[in-house]
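Asks: First, the structure itself, so that you have it in front of you.
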Amino acid sequence: MKLEHYIDEFLDYLSLERGLSKNTISSYRRDLNKFAAFALVNDMANVMNPTRDDFLNYIYSLKEAELKSSSIARNIVALKVFYRYLVSQRYVSRDPTELLESPKLWKYLPEVMSISEVEEFLKVIRGSKVKHLRDKACFEILYATGMRVSEVVNLKLNDIDLNLGILRCIGKGQKERIVPMGSLARQALSQYLEQGRPVLLKNKDSKHIFLSKNGSGISRQMIWKQIQEYALIANINKHISPHTLRHSFATHLLEKGADLRIVQELLGHSNISTTQLYTHLNKDRLKSIHHKFHPRP
């Protein structure tokens, strides 16, 4: 059988048995198909059991294509997980990626907006048009909850409880968490559900909360486009994305004294080291704590 057949079987396994998201599976598919194409073009002798040199040649090709080190690392991880699966299914007798190391990555601090910048950004989203009601609710939710954009676009009507001010979020690996909303987010969402969503629905049947003008669920790309538009109006001279609101949510909570474990739970991080990245963004607060509590300030 061709390598592509095993790739398809592996992706089915990730979807049906591991329950990984469509975005994650698409990423695996893209990276593994890239390797399969490289193997075909370069007449790789044994794609089921490549040599270390085969892998190194592939990595060099990624570098020549000027991929970032993070993208190369992701490709290597995809290969490692794939070949481990082949071993587990006894398609191959050994894991050829055992001696393959991922490149060391720098931990980049994410771009965040200040509290005043977030306030200005949200303030420019105003008006009675359906588009404004939807966008106001969407971005208020993103900042109020720290949800990923993929989690917001997949929000369904039965995921929210406006009376209690909470929503149910399905994150990476189909992990469920309950996230509270602030009063301003609840107000914006309530207004959109009453005055905006019925207009966008256009007599269609959809359980998604945030809809596009044709009545279907809004896309991540559309939210990304809208955030660029409002950032321009708000004169925010930073490269921001929907994820910037998530970064800002976490940073601002820590600035106000929130416990790191609570922020980890709200963000849906499985490893607290990921959440700790935000502590580096708050050097002033760390200095003030040191000055306050150290016996020799």
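Chain lettering (A, B, ...) mirrors the order of the structure tokens, residue numbering begins at 1 for each chain separately, and ligand numbering begins at 1 in order of display.
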I need the helix (DSSP H, G or I) residues of region 21-251 of chain A per DSSP on the backbone, written as a PDB file with C-alpha atoms, in the first residue's frame.
Replies:
```
ATOM      1  CA  LYS A  22     -10.526  19.268  12.737  1.00  0.00           C
ATOM      2  CA  ASN A  23      -7.866  21.985  12.813  1.00  0.00           C
ATOM      3  CA  THR A  24      -5.306  19.673  14.426  1.00  0.00           C
ATOM      4  CA  ILE A  25      -6.073  16.857  12.001  1.00  0.00           C
ATOM      5  CA  SER A  26      -5.793  19.250   9.048  1.00  0.00           C
ATOM      6  CA  SER A  27      -2.380  20.284  10.336  1.00  0.00           C
ATOM      7  CA  TYR A  28      -1.247  16.653  10.562  1.00  0.00           C
ATOM      8  CA  ARG A  29      -2.589  15.958   7.081  1.00  0.00           C
ATOM      9  CA  ARG A  30      -0.776  18.934   5.577  1.00  0.00           C
ATOM     10  CA  ASP A  31       2.564  18.062   7.194  1.00  0.00           C
ATOM     11  CA  LEU A  32       2.426  14.340   6.431  1.00  0.00           C
ATOM     12  CA  ASN A  33       1.340  14.889   2.824  1.00  0.00           C
ATOM     13  CA  LYS A  34       4.300  17.235   2.467  1.00  0.00           C
ATOM     14  CA  PHE A  35       6.623  14.441   3.599  1.00  0.00           C
ATOM     15  CA  ALA A  36       4.917  11.930   1.281  1.00  0.00           C
ATOM     16  CA  ALA A  37       5.418  14.286  -1.685  1.00  0.00           C
ATOM     17  CA  PHE A  38       9.092  14.721  -0.756  1.00  0.00           C
ATOM     18  CA  ALA A  39       9.565  10.945  -0.549  1.00  0.00           C
ATOM     19  CA  LEU A  40       7.996  10.477  -3.992  1.00  0.00           C
ATOM     20  CA  VAL A  41      10.010  13.197  -5.716  1.00  0.00           C
ATOM     21  CA  ARG A  52      18.006   9.063   9.567  1.00  0.00           C
ATOM     22  CA  ASP A  53      19.590  10.592   6.445  1.00  0.00           C
ATOM     23  CA  ASP A  54      16.192  10.500   4.721  1.00  0.00           C
ATOM     24  CA  PHE A  55      14.695  12.524   7.542  1.00  0.00           C
ATOM     25  CA  LEU A  56      17.633  14.934   7.650  1.00  0.00           C
ATOM     26  CA  ASN A  57      17.356  15.549   3.907  1.00  0.00           C
ATOM     27  CA  TYR A  58      13.664  16.286   4.387  1.00  0.00           C
ATOM     28  CA  ILE A  59      14.390  18.733   7.214  1.00  0.00           C
ATOM     29  CA  TYR A  60      17.027  20.462   5.095  1.00  0.00           C
ATOM     30  CA  SER A  61      14.424  20.840   2.336  1.00  0.00           C
ATOM     31  CA  LEU A  62      12.098  22.548   4.823  1.00  0.00           C
ATOM     32  CA  LYS A  63      14.891  24.906   5.827  1.00  0.00           C
ATOM     33  CA  GLU A  64      15.628  25.676   2.188  1.00  0.00           C
ATOM     34  CA  SER A  69      11.815  26.683  13.184  1.00  0.00           C
ATOM     35  CA  SER A  70       8.397  26.328  14.834  1.00  0.00           C
ATOM     36  CA  SER A  71       6.921  24.988  11.570  1.00  0.00           C
ATOM     37  CA  ILE A  72       9.823  22.557  11.131  1.00  0.00           C
ATOM     38  CA  ALA A  73       9.375  21.359  14.718  1.00  0.00           C
ATOM     39  CA  ARG A  74       5.685  20.776  14.050  1.00  0.00           C
ATOM     40  CA  ASN A  75       6.539  18.706  10.952  1.00  0.00           C
ATOM     41  CA  ILE A  76       8.935  16.585  12.991  1.00  0.00           C
ATOM     42  CA  VAL A  77       6.326  16.007  15.700  1.00  0.00           C
ATOM     43  CA  ALA A  78       3.839  14.906  13.025  1.00  0.00           C
ATOM     44  CA  LEU A  79       6.345  12.356  11.714  1.00  0.00           C
ATOM     45  CA  LYS A  80       7.122  11.056  15.215  1.00  0.00           C
ATOM     46  CA  VAL A  81       3.456  10.551  16.109  1.00  0.00           C
ATOM     47  CA  PHE A  82       2.724   8.968  12.714  1.00  0.00           C
ATOM     48  CA  TYR A  83       5.523   6.416  12.855  1.00  0.00           C
ATOM     49  CA  ARG A  84       4.720   5.557  16.468  1.00  0.00           C
ATOM     50  CA  TYR A  85       1.231   4.754  15.256  1.00  0.00           C
ATOM     51  CA  LEU A  86       2.656   2.503  12.523  1.00  0.00           C
ATOM     52  CA  VAL A  87       4.685   0.659  15.179  1.00  0.00           C
ATOM     53  CA  SER A  88       1.622   0.274  17.423  1.00  0.00           C
ATOM     54  CA  ILE A 115      -6.124  47.592  29.203  1.00  0.00           C
ATOM     55  CA  SER A 116      -6.655  51.044  27.688  1.00  0.00           C
ATOM     56  CA  GLU A 117      -6.029  49.685  24.182  1.00  0.00           C
ATOM     57  CA  VAL A 118      -8.587  46.926  24.702  1.00  0.00           C
ATOM     58  CA  GLU A 119     -11.089  49.504  25.967  1.00  0.00           C
ATOM     59  CA  GLU A 120     -10.478  51.687  22.903  1.00  0.00           C
ATOM     60  CA  PHE A 121     -10.721  48.701  20.570  1.00  0.00           C
ATOM     61  CA  LEU A 122     -14.069  47.579  22.002  1.00  0.00           C
ATOM     62  CA  LYS A 123     -15.373  51.143  22.083  1.00  0.00           C
ATOM     63  CA  VAL A 130     -26.476  43.605  12.665  1.00  0.00           C
ATOM     64  CA  LYS A 131     -22.766  43.391  11.832  1.00  0.00           C
ATOM     65  CA  HIS A 132     -21.883  45.700  14.718  1.00  0.00           C
ATOM     66  CA  LEU A 133     -24.079  43.811  17.200  1.00  0.00           C
ATOM     67  CA  ARG A 134     -22.479  40.507  16.213  1.00  0.00           C
ATOM     68  CA  ASP A 135     -18.903  41.800  16.241  1.00  0.00           C
ATOM     69  CA  LYS A 136     -19.391  43.604  19.552  1.00  0.00           C
ATOM     70  CA  ALA A 137     -20.660  40.408  21.184  1.00  0.00           C
ATOM     71  CA  CYS A 138     -17.955  38.275  19.580  1.00  0.00           C
ATOM     72  CA  PHE A 139     -15.018  40.415  20.671  1.00  0.00           C
ATOM     73  CA  GLU A 140     -16.469  41.090  24.120  1.00  0.00           C
ATOM     74  CA  ILE A 141     -16.698  37.310  24.578  1.00  0.00           C
ATOM     75  CA  LEU A 142     -13.146  36.760  23.314  1.00  0.00           C
ATOM     76  CA  TYR A 143     -11.718  39.229  25.822  1.00  0.00           C
ATOM     77  CA  ALA A 144     -14.070  38.362  28.702  1.00  0.00           C
ATOM     78  CA  THR A 145     -13.366  34.622  28.556  1.00  0.00           C
ATOM     79  CA  VAL A 149     -11.110  31.868  18.196  1.00  0.00           C
ATOM     80  CA  SER A 150     -11.815  28.278  17.109  1.00  0.00           C
ATOM     81  CA  GLU A 151     -13.757  27.770  20.349  1.00  0.00           C
ATOM     82  CA  VAL A 152     -15.826  30.916  19.795  1.00  0.00           C
ATOM     83  CA  VAL A 153     -16.819  30.053  16.212  1.00  0.00           C
ATOM     84  CA  LEU A 157     -26.890  28.107  21.710  1.00  0.00           C
ATOM     85  CA  ASN A 158     -27.002  25.352  24.339  1.00  0.00           C
ATOM     86  CA  ASP A 159     -23.457  26.232  25.441  1.00  0.00           C
ATOM     87  CA  LYS A 172      -8.322  21.154  22.397  1.00  0.00           C
ATOM     88  CA  GLY A 173      -8.649  17.400  22.642  1.00  0.00           C
ATOM     89  CA  GLN A 174     -12.422  17.804  23.130  1.00  0.00           C
ATOM     90  CA  SER A 183     -21.604  41.775  32.711  1.00  0.00           C
ATOM     91  CA  LEU A 184     -20.533  43.757  29.626  1.00  0.00           C
ATOM     92  CA  ALA A 185     -20.023  40.586  27.589  1.00  0.00           C
ATOM     93  CA  ARG A 186     -23.393  39.236  28.746  1.00  0.00           C
ATOM     94  CA  GLN A 187     -25.078  42.492  27.800  1.00  0.00           C
ATOM     95  CA  ALA A 188     -23.507  42.556  24.321  1.00  0.00           C
ATOM     96  CA  LEU A 189     -24.305  38.879  23.719  1.00  0.00           C
ATOM     97  CA  SER A 190     -27.896  39.277  24.891  1.00  0.00           C
ATOM     98  CA  GLN A 191     -28.472  42.235  22.568  1.00  0.00           C
ATOM     99  CA  TYR A 192     -26.990  40.343  19.618  1.00  0.00           C
ATOM    100  CA  LEU A 193     -29.115  37.253  20.287  1.00  0.00           C
ATOM    101  CA  GLU A 194     -32.282  39.354  20.505  1.00  0.00           C
ATOM    102  CA  GLN A 195     -31.714  41.869  17.698  1.00  0.00           C
ATOM    103  CA  GLY A 196     -28.908  40.627  15.452  1.00  0.00           C
ATOM    104  CA  ARG A 197     -28.858  36.845  15.180  1.00  0.00           C
ATOM    105  CA  PRO A 198     -32.519  36.435  14.059  1.00  0.00           C
ATOM    106  CA  VAL A 199     -31.812  38.761  11.121  1.00  0.00           C
ATOM    107  CA  LEU A 200     -28.694  36.811  10.101  1.00  0.00           C
ATOM    108  CA  LEU A 201     -30.464  33.480  10.512  1.00  0.00           C
ATOM    109  CA  ARG A 220     -12.107  32.182  11.920  1.00  0.00           C
ATOM    110  CA  GLN A 221     -10.903  34.081   8.856  1.00  0.00           C
ATOM    111  CA  MET A 222     -13.832  36.475   9.081  1.00  0.00           C
ATOM    112  CA  ILE A 223     -13.139  37.202  12.741  1.00  0.00           C
ATOM    113  CA  TRP A 224      -9.467  37.789  11.898  1.00  0.00           C
ATOM    114  CA  LYS A 225     -10.481  40.222   9.154  1.00  0.00           C
ATOM    115  CA  GLN A 226     -12.835  42.110  11.456  1.00  0.00           C
ATOM    116  CA  ILE A 227     -10.278  42.509  14.229  1.00  0.00           C
ATOM    117  CA  GLN A 228      -7.861  44.073  11.735  1.00  0.00           C
ATOM    118  CA  GLU A 229     -10.564  46.489  10.622  1.00  0.00           C
ATOM    119  CA  TYR A 230     -11.446  47.658  14.141  1.00  0.00           C
ATOM    120  CA  ALA A 231      -7.797  47.866  15.233  1.00  0.00           C
ATOM    121  CA  LEU A 232      -7.198  50.257  12.344  1.00  0.00           C
ATOM    122  CA  ILE A 233     -10.147  52.420  13.388  1.00  0.00           C
ATOM    123  CA  PRO A 242      -8.094  37.263  17.760  1.00  0.00           C
ATOM    124  CA  HIS A 243      -5.482  35.407  19.829  1.00  0.00           C
ATOM    125  CA  THR A 244      -4.167  38.778  21.034  1.00  0.00           C
ATOM    126  CA  LEU A 245      -7.362  39.202  23.036  1.00  0.00           C
ATOM    127  CA  ARG A 246      -6.729  35.804  24.649  1.00  0.00           C
ATOM    128  CA  HIS A 247      -3.157  36.832  25.522  1.00  0.00           C
ATOM    129  CA  SER A 248      -4.421  40.155  26.872  1.00  0.00           C
ATOM    130  CA  PHE A 249      -7.104  38.400  28.962  1.00  0.00           C
ATOM    131  CA  ALA A 250      -4.504  36.237  30.684  1.00  0.00           C
ATOM    132  CA  THR A 251      -2.004  39.054  31.175  1.00  0.00           C
TER     133      THR A 251
END
```
Asks: Could you tell me how far CA of Ser216 (chain A) sits from CA of Glu17 (chain A), in Å to one decimal place?
Replies: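 So the two atoms, CA of Glu17 (chain A) and CA of Ser216 (chain A), lie 28.3 Å apart.
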Asks: What is the distance between CA of Gln276 (chain A) and CA of Leu14 (chain A), in Å to one decimal?
Replies: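 Distance reported for this atom pair: 28.7 Å.
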Asks: Residues within 12 Å of Ile272 (chain A), please, as a list in words. Count only C-alpha atoms; anything in the same chain fewer than 6 positions from it doesn't count.
Replies: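 The neighbour list is Asp259, Leu260, Arg261, Ile262, Val263, Gln264, Glu265, Leu266, Tyr278 and Thr279 of chain A.
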Asks: Can you write just those residues out, N, CA and C atoms, as a compact mmCIF listing (two decimals), in the first residue's frame?
Replies:
```
# COMPACT_ATOMS: atom_id res chain seq x y z
N ASP A 259 -4.70 34.13 40.58
CA ASP A 259 -3.85 32.97 40.81
C ASP A 259 -3.53 32.29 39.48
N LEU A 260 -2.27 31.88 39.32
CA LEU A 260 -1.81 31.29 38.07
C LEU A 260 -2.60 30.03 37.72
N ARG A 261 -2.94 29.23 38.72
CA ARG A 261 -3.68 27.99 38.48
C ARG A 261 -5.09 28.28 37.95
N ILE A 262 -5.70 29.35 38.46
CA ILE A 262 -7.04 29.72 38.01
C ILE A 262 -6.98 30.17 36.55
N VAL A 263 -5.96 30.95 36.21
CA VAL A 263 -5.80 31.40 34.82
C VAL A 263 -5.56 30.21 33.91
N GLN A 264 -4.78 29.25 34.39
CA GLN A 264 -4.54 28.02 33.61
C GLN A 264 -5.86 27.32 33.31
N GLU A 265 -6.72 27.23 34.32
CA GLU A 265 -8.00 26.54 34.13
C GLU A 265 -8.90 27.31 33.17
N LEU A 266 -8.91 28.63 33.28
CA LEU A 266 -9.75 29.45 32.41
C LEU A 266 -9.30 29.35 30.95
N TYR A 278 2.93 33.93 30.55
CA TYR A 278 2.33 35.25 30.75
C TYR A 278 2.94 35.99 31.94
N THR A 279 3.57 35.27 32.84
CA THR A 279 4.18 35.95 33.98
C THR A 279 5.37 36.79 33.53
```
Asks: Pull the strand (DSSP E or B) assignments for region 67-206 of chain A out of DSSP run on the backbone, and list those residues as a list in words.
Replies: Lys156, Ile160, Asp161, Ile166, Leu167, Arg168, Cys169, Ile170, Glu176, Arg177, Ile178, Val179 and Pro180 of chain A
Asks: Do a neighbour search on Lys2 (chain A) at 10 Å with only C-alpha atoms, toss out local chain neighbours closer than 2 positions, and write the hits as a ChimeraX atom specification.
Replies: /A:4-7,36,47-48
Asks: Could you turn the residues from that selection into a file that holds N, CA and C atoms, as a compact mmCIF listing (two decimals), in the first residue's frame?
Replies:
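Contents of selection-v5.txt, freshly written:
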```
# COMPACT_ATOMS: atom_id res chain seq x y z
N GLU A 4 0.25 7.19 1.44
CA GLU A 4 -0.96 7.99 1.61
C GLU A 4 -2.08 7.21 2.29
N HIS A 5 -2.14 5.89 2.00
CA HIS A 5 -3.17 5.06 2.62
C HIS A 5 -2.98 5.01 4.14
N TYR A 6 -1.73 4.83 4.57
CA TYR A 6 -1.45 4.77 6.01
C TYR A 6 -1.70 6.12 6.67
N ILE A 7 -1.42 7.20 5.93
CA ILE A 7 -1.68 8.54 6.46
C ILE A 7 -3.17 8.72 6.70
N ALA A 36 5.19 12.95 2.30
CA ALA A 36 4.92 11.93 1.28
C ALA A 36 5.32 12.44 -0.10
N VAL A 47 9.81 4.14 2.30
CA VAL A 47 9.08 5.18 3.03
C VAL A 47 8.50 4.66 4.34
N MET A 48 8.35 3.34 4.47
CA MET A 48 7.84 2.78 5.71
C MET A 48 8.94 2.69 6.77
```
Asks: Work out how far apart CA of Leu211 (chain A) and CA of Asp161 (chain A) are and give it in Å to one decimal.
Replies: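 Going from CA of Leu211 (chain A) over to CA of Asp161 (chain A) covers 18.7 Å.
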